[in-house]
Each structure stands twice: as C-alpha cells, then as structure tokens.
Amino acid sequence: MDREELLSKSVVVICGGWSDEREISLLSGEQCALALQEAGFARVDTLDPADDGFVSSLSSGGYDVAFVAMHGRYGEDGCIQGLLEVMRIPYTFSGVSASAAATEKEITKAIYAAAGIRAPRGIDVSAGCSLSDEQIDRVIGELGLPLFVKPAANGSSYGITRVTERSALNGAIALAGRGGGRVLIEECVEGTEITVPVIGNDEPRALPIVEIVTGSEFYDLKVKYEPSAMHHVIPARLEPGIYARAQEIAVRAHRALGCSGCSRSDFIVNAEGEPIILETNTIPGMTSESLLPDSARHGGIEFPELCRRFVEYALDRASR
C-alpha cells in the first residue's frame, strides 16, 4: 500500500474504558489522534468504550482501522481485540491470544521459560488469600526479602508493593488483589532498570534502550508520569554486549508471545550483566512522556511517523 492510499484511510482511536488506567489511556488517545492528524490521515475520530452507544458508533462509523490506545483491563487483555475481530475491523498492535498471554503474568513467564528467557522467580496466589505464618516463612525462605507483590494482570504499577518486612506481606496481597484475579509474589532483582521497545510484524526490530533512573524504590506511578527527561537515559548506559543482548531478548519475547506492531519489554540488568525480563507490554503508553515514543524519537522516528507506521502494520496484518 502506497503512502497516499494509506493516508486516505479513516481511523478510529479507541481509548478510555473502565480500568485503573482510564485517565492515562484517554491522554494516550488524545495525543495519538493529534499525531495521526499531523501524519496526514484523512479522518481521525476518537471513541471511548465506556460511553453509551460505543458499539453502534463503531459499527456505523465506516472505519478502515482502529488504533487501540486502551490500557489495562478490557483494552490490553484481548477483550477489545476480540470485539474488533468479530466486527472485522483491522486494529493496531497484538491480537487476542498474544494480548491475553502478555497480560497474565504467570502465563507470560511460562512462555518466557519455553523461549529460554530468564524472569524473576515467583509464585502466584488467590486474590483473597491470607498467608499463615508458616506459609509466609516458606515464601520468604524461597524468594527472600525484599520482594514484590503485584496483580497478575494489571499495568502502570497499580497495586504493586515492595515488601521489606514479613508483617507487610498479607497487606500487600490484599492491595494487589482488590481487582480480583490472581496475585504474583516475586523475588526482587537488584540492578539497572531498562526497557526495550520493539516495533514491526514479521521482522520486528528493537529501538534504542531506555535506562530508567527513578530515585525511587521502583518505577511507580508518580515517576511514570513525570517529565521523561527526569528519568529516561537514552541510550542506556550498558556495555555494548549487554545492550545487544537485551535487544535480542526483547525481540525474542515479542516473537514468543506472538506480538504484532509493537511491544515494550522491561528488564533489570543484574550485577553479573544479565538482563532479567520483568514483563512485556503490548499497548505501551503513548503520551509525550511515555517510554516507547521517547525511544523512537531518539531512533529518528518522530511521533506522527510512529503512529502512521502502527496503522500500516495493522492493515498489513489484516490483509493476509
């Protein structure tokens, strides 16, 4: 498809929804819509699934492609993708199965293991459980302190606690389990925090690695939405061999999960120089402060061009 034909397509940006990440999703959607307009698309609309009449507006809109900027539950877990599949509307980023697998952290870790990708050790428990003293001793004996407790399916650091004392473990499980589902208790890996964006379909490639400098215990909500210049070092300050290794693993994770369009894998590089993967995001943040657009910009891809490419990837995947 040539550029003129591509830009003649009508695009609907889907953002908002009902998850904890609604507000950042709305901001992502607003900025993506502006970028798509700047890229030259003939028609760009925005729809929020939480609004009355969303499905009828989507079905009657005559859209050629949907740009999914809906983070968290119902957006990043395969739900909105399933609706778009049924409605036969091409859409950006990963399909139903890859989205669902990447959202459920225990499933993700099993796929990582099968692909030879090292992740932190951890166990998952029911959201409503309260561990006995004996069980707490076993968890700490296996994973040590500090450790992280997080929802098995959520994003943007919602519900995550860095636990430094055994007495705080059950409270952290309760916090992580507020939304239902499973809770992941995971060893704390110390080192340099990095993230590696990957873009593309059949031939995905890694973008420049971002080193995250927080001044905090971990990359929490406050840090994530502060100005990127405060926390992003691009390219990451890693030895060339470690840098290349992290990019290779991110591409391997992207392929193993079956991702399309883009992904962003987060790592800790430990004291031995080994990149240990934490998670893979299938719909990364898309604001001016977000990691993937910042990385792409350093790699020579401005935001409007990046969004244009995502639409092109979506239509290419749908045409097969």
# chains A, B, ... in the order shown; residues from 1 in each chain; ligands from 1
>>> residues_around(residues="Leu207 of chain A", least_positions_apart="2", cutoff="8 Å", atoms="only C-alpha atoms", output="ChimeraX atom specification")
/A:196-199,205,209,247,295-296,299
>>> residues_around(residues="segment 93-103 of chain A", least_positions_apart="6", cutoff="8 Å", atoms="only C-alpha atoms", output="JSON list (two decimals) with N, CA and C atoms, in the first residue's frame")
[["chain", "number", "residue", "atom", "x", "y", "z"],
["A", 68, "VAL", "N", -5.76, 1.21, 18.79],
["A", 68, "VAL", "CA", -6.11, 0.86, 20.16],
["A", 68, "VAL", "C", -5.12, 1.54, 21.13],
["A", 76, "GLU", "N", -6.02, -4.13, 27.09],
["A", 76, "GLU", "CA", -4.73, -4.77, 26.83],
["A", 76, "GLU", "C", -4.79, -6.28, 27.00],
["A", 77, "ASP", "N", -5.95, -6.80, 27.40],
["A", 77, "ASP", "CA", -6.04, -8.22, 27.74],
["A", 77, "ASP", "C", -6.72, -9.08, 26.68],
["A", 78, "GLY", "N", -7.01, -8.49, 25.53],
["A", 78, "GLY", "CA", -7.62, -9.25, 24.44],
["A", 78, "GLY", "C", -9.11, -8.99, 24.27],
["A", 79, "CYS", "N", -9.74, -8.29, 25.20],
["A", 79, "CYS", "CA", -11.20, -8.08, 25.13],
["A", 79, "CYS", "C", -11.59, -7.18, 23.96],
["A", 81, "GLN", "N", -9.83, -6.41, 21.47],
["A", 81, "GLN", "CA", -9.36, -7.04, 20.25],
["A", 81, "GLN", "C", -10.36, -8.07, 19.75],
["A", 82, "GLY", "N", -10.97, -8.82, 20.69],
["A", 82, "GLY", "CA", -11.98, -9.80, 20.31],
["A", 82, "GLY", "C", -13.19, -9.14, 19.67],
["A", 152, "ALA", "N", -1.59, -10.08, 39.06],
["A", 152, "ALA", "CA", -1.12, -10.91, 37.96],
["A", 152, "ALA", "C", -1.54, -10.35, 36.61],
["A", 153, "ALA", "N", -2.50, -9.44, 36.59],
["A", 153, "ALA", "CA", -2.96, -8.86, 35.32],
["A", 153, "ALA", "C", -3.33, -7.40, 35.55],
["A", 154, "ASN", "N", -2.35, -6.52, 35.46],
["A", 154, "ASN", "CA", -2.60, -5.09, 35.55],
["A", 154, "ASN", "C", -1.38, -4.38, 35.02],
["A", 257, "LEU", "N", 5.66, -14.42, 22.34],
["A", 257, "LEU", "CA", 4.29, -14.10, 22.76],
["A", 257, "LEU", "C", 3.35, -13.93, 21.57],
["A", 258, "GLY", "N", 3.92, -13.80, 20.37],
["A", 258, "GLY", "CA", 3.10, -13.60, 19.18],
["A", 258, "GLY", "C", 2.65, -12.16, 19.00],
["A", 259, "CYS", "N", 3.45, -11.21, 19.48],
["A", 259, "CYS", "CA", 3.07, -9.79, 19.41],
["A", 259, "CYS", "C", 3.11, -9.27, 17.97],
["A", 260, "SER", "N", 2.36, -8.22, 17.73],
["A", 260, "SER", "CA", 2.34, -7.55, 16.43],
["A", 260, "SER", "C", 2.42, -6.05, 16.65],
["A", 261, "GLY", "N", 2.98, -5.36, 15.69],
["A", 261, "GLY", "CA", 3.01, -3.90, 15.72],
["A", 261, "GLY", "C", 4.05, -3.33, 16.64],
["A", 262, "CYS", "N", 3.91, -3.59, 17.93],
["A", 262, "CYS", "CA", 4.91, -3.14, 18.88],
["A", 262, "CYS", "C", 4.77, -3.90, 20.19],
["A", 279, "GLU", "N", 8.41, -7.99, 32.39],
["A", 279, "GLU", "CA", 7.12, -8.12, 31.70],
["A", 279, "GLU", "C", 7.24, -7.56, 30.30],
["A", 280, "THR", "N", 6.24, -7.89, 29.47],
["A", 280, "THR", "CA", 6.14, -7.34, 28.13],
["A", 280, "THR", "C", 4.80, -6.64, 27.99],
["A", 281, "ASN", "N", 4.83, -5.38, 27.61],
["A", 281, "ASN", "CA", 3.62, -4.58, 27.43],
["A", 281, "ASN", "C", 3.22, -4.58, 25.95],
["A", 282, "THR", "N", 1.98, -4.92, 25.66],
["A", 282, "THR", "CA", 1.53, -4.98, 24.27],
["A", 282, "THR", "C", 0.90, -3.68, 23.79],
["A", 283, "ILE", "N", 0.47, -2.82, 24.72],
["A", 283, "ILE", "CA", -0.01, -1.48, 24.36],
["A", 283, "ILE", "C", 0.67, -0.49, 25.30],
["A", 310, "PHE", "N", 2.27, 2.34, 12.86],
["A", 310, "PHE", "CA", 1.43, 1.38, 13.57],
["A", 310, "PHE", "C", 0.16, 1.08, 12.78],
["A", 314, "ALA", "N", -0.92, -2.55, 11.11],
["A", 314, "ALA", "CA", -2.24, -3.14, 11.36],
["A", 314, "ALA", "C", -2.91, -3.57, 10.06]]
>>> residues_around(residues="segment 21-25 of chain A", least_positions_apart="3", cutoff="12 Å", atoms="only C-alpha atoms", output="ChimeraX atom specification")
/A:13-18,28-32,46-50,68-76,154-159,221,224-225,283-290
>>> write_last_selection(atoms="C-alpha atoms", output="PDB file, in the first residue's frame")
ATOM      1  CA  VAL A  13      -8.741   5.836  18.126  1.00  0.00           C
ATOM      2  CA  ILE A  14     -10.166   3.701  20.939  1.00  0.00           C
ATOM      3  CA  CYS A  15      -9.249   4.895  24.423  1.00  0.00           C
ATOM      4  CA  GLY A  16     -10.607   5.244  27.936  1.00  0.00           C
ATOM      5  CA  GLY A  17     -12.608   2.277  29.150  1.00  0.00           C
ATOM      6  CA  TRP A  18     -13.109   1.208  32.754  1.00  0.00           C
ATOM      7  CA  SER A  28      -2.677   8.498  25.112  1.00  0.00           C
ATOM      8  CA  GLY A  29      -5.694   8.503  22.808  1.00  0.00           C
ATOM      9  CA  GLU A  30      -5.810  12.281  22.585  1.00  0.00           C
ATOM     10  CA  GLN A  31      -2.135  12.531  21.699  1.00  0.00           C
ATOM     11  CA  CYS A  32      -2.278   9.635  19.218  1.00  0.00           C
ATOM     12  CA  THR A  46     -11.944   9.036  18.955  1.00  0.00           C
ATOM     13  CA  LEU A  47     -14.322   6.672  20.760  1.00  0.00           C
ATOM     14  CA  ASP A  48     -14.487   5.593  24.405  1.00  0.00           C
ATOM     15  CA  PRO A  49     -15.894   2.093  25.101  1.00  0.00           C
ATOM     16  CA  ALA A  50     -17.307   3.371  28.399  1.00  0.00           C
ATOM     17  CA  VAL A  68      -6.106   0.862  20.162  1.00  0.00           C
ATOM     18  CA  ALA A  69      -4.845   3.184  22.906  1.00  0.00           C
ATOM     19  CA  MET A  70      -6.803   1.467  25.667  1.00  0.00           C
ATOM     20  CA  HIS A  71      -4.548   0.358  28.520  1.00  0.00           C
ATOM     21  CA  GLY A  72      -5.265  -2.142  31.261  1.00  0.00           C
ATOM     22  CA  ARG A  73      -8.271  -4.415  31.680  1.00  0.00           C
ATOM     23  CA  TYR A  74     -10.573  -4.782  28.647  1.00  0.00           C
ATOM     24  CA  GLY A  75      -8.033  -2.989  26.454  1.00  0.00           C
ATOM     25  CA  GLU A  76      -4.727  -4.768  26.827  1.00  0.00           C
ATOM     26  CA  ASN A 154      -2.603  -5.091  35.555  1.00  0.00           C
ATOM     27  CA  GLY A 155      -0.313  -2.324  34.395  1.00  0.00           C
ATOM     28  CA  SER A 156       1.214   1.092  35.170  1.00  0.00           C
ATOM     29  CA  SER A 157       2.354  -0.151  38.602  1.00  0.00           C
ATOM     30  CA  TYR A 158      -1.188  -0.192  40.008  1.00  0.00           C
ATOM     31  CA  GLY A 159      -1.387  -2.357  43.118  1.00  0.00           C
ATOM     32  CA  LEU A 221       3.003   5.709  39.168  1.00  0.00           C
ATOM     33  CA  LYS A 224       5.997   7.153  35.272  1.00  0.00           C
ATOM     34  CA  TYR A 225       4.066  10.334  34.579  1.00  0.00           C
ATOM     35  CA  ILE A 283      -0.010  -1.481  24.361  1.00  0.00           C
ATOM     36  CA  PRO A 284       2.655   0.757  25.889  1.00  0.00           C
ATOM     37  CA  GLY A 285       1.868   4.290  26.967  1.00  0.00           C
ATOM     38  CA  MET A 286       1.577   6.725  24.069  1.00  0.00           C
ATOM     39  CA  THR A 287       1.909  10.164  25.650  1.00  0.00           C
ATOM     40  CA  SER A 288       4.688  12.701  25.240  1.00  0.00           C
ATOM     41  CA  GLU A 289       6.185  11.363  28.495  1.00  0.00           C
ATOM     42  CA  SER A 290       5.969   7.695  27.523  1.00  0.00           C
TER      43      SER A 290
END
>>> atom_distance(atom1="atom CA of Ala119 of chain A", atom2="atom CA of Asp133 of chain A")
26.9 Å
>>> residues_around(residues="Val189 of chain A", least_positions_apart="6", cutoff="8 Å", atoms="only C-alpha atoms", output="list in words")
Pro120, Ile268 and Asn270 of chain A
>>> residues_around(residues="Val65 of chain A", least_positions_apart="6", cutoff="6 Å", atoms="only C-alpha atoms", output="ChimeraX atom specification")
/A:11,89-91
>>> write_last_selection(atoms="N, CA and C atoms", output="mmCIF file, in the first residue's frame")
data_model
loop_
_atom_site.group_PDB
_atom_site.id
_atom_site.type_symbol
_atom_site.label_atom_id
_atom_site.label_comp_id
_atom_site.auth_asym_id
_atom_site.auth_seq_id
_atom_site.Cartn_x
_atom_site.Cartn_y
_atom_site.Cartn_z
ATOM 1 N N VAL A 11 -9.543 6.412 10.468
ATOM 2 C CA VAL A 11 -9.002 5.781 11.674
ATOM 3 C C VAL A 11 -9.856 6.162 12.876
ATOM 4 N N ILE A 89 -12.912 -5.299 11.948
ATOM 5 C CA ILE A 89 -12.214 -4.019 11.820
ATOM 6 C C ILE A 89 -10.740 -4.258 12.142
ATOM 7 N N PRO A 90 -9.839 -4.033 11.197
ATOM 8 C CA PRO A 90 -8.407 -4.160 11.497
ATOM 9 C C PRO A 90 -8.022 -3.238 12.647
ATOM 10 N N TYR A 91 -7.038 -3.653 13.437
ATOM 11 C CA TYR A 91 -6.657 -2.861 14.600
ATOM 12 C C TYR A 91 -5.162 -2.941 14.845
#
>>> select_by_dssp(residues="segment 186-281 of chain A", states="strand (DSSP E)", output="number ranges by chain")
A: 186-187, 192-199, 205-206, 210-212, 232-233, 262-269, 275-281
>>> atom_distance(atom1="atom CA of Ile301 of chain A", atom2="atom CA of Ile276 of chain A")
27.3 Å
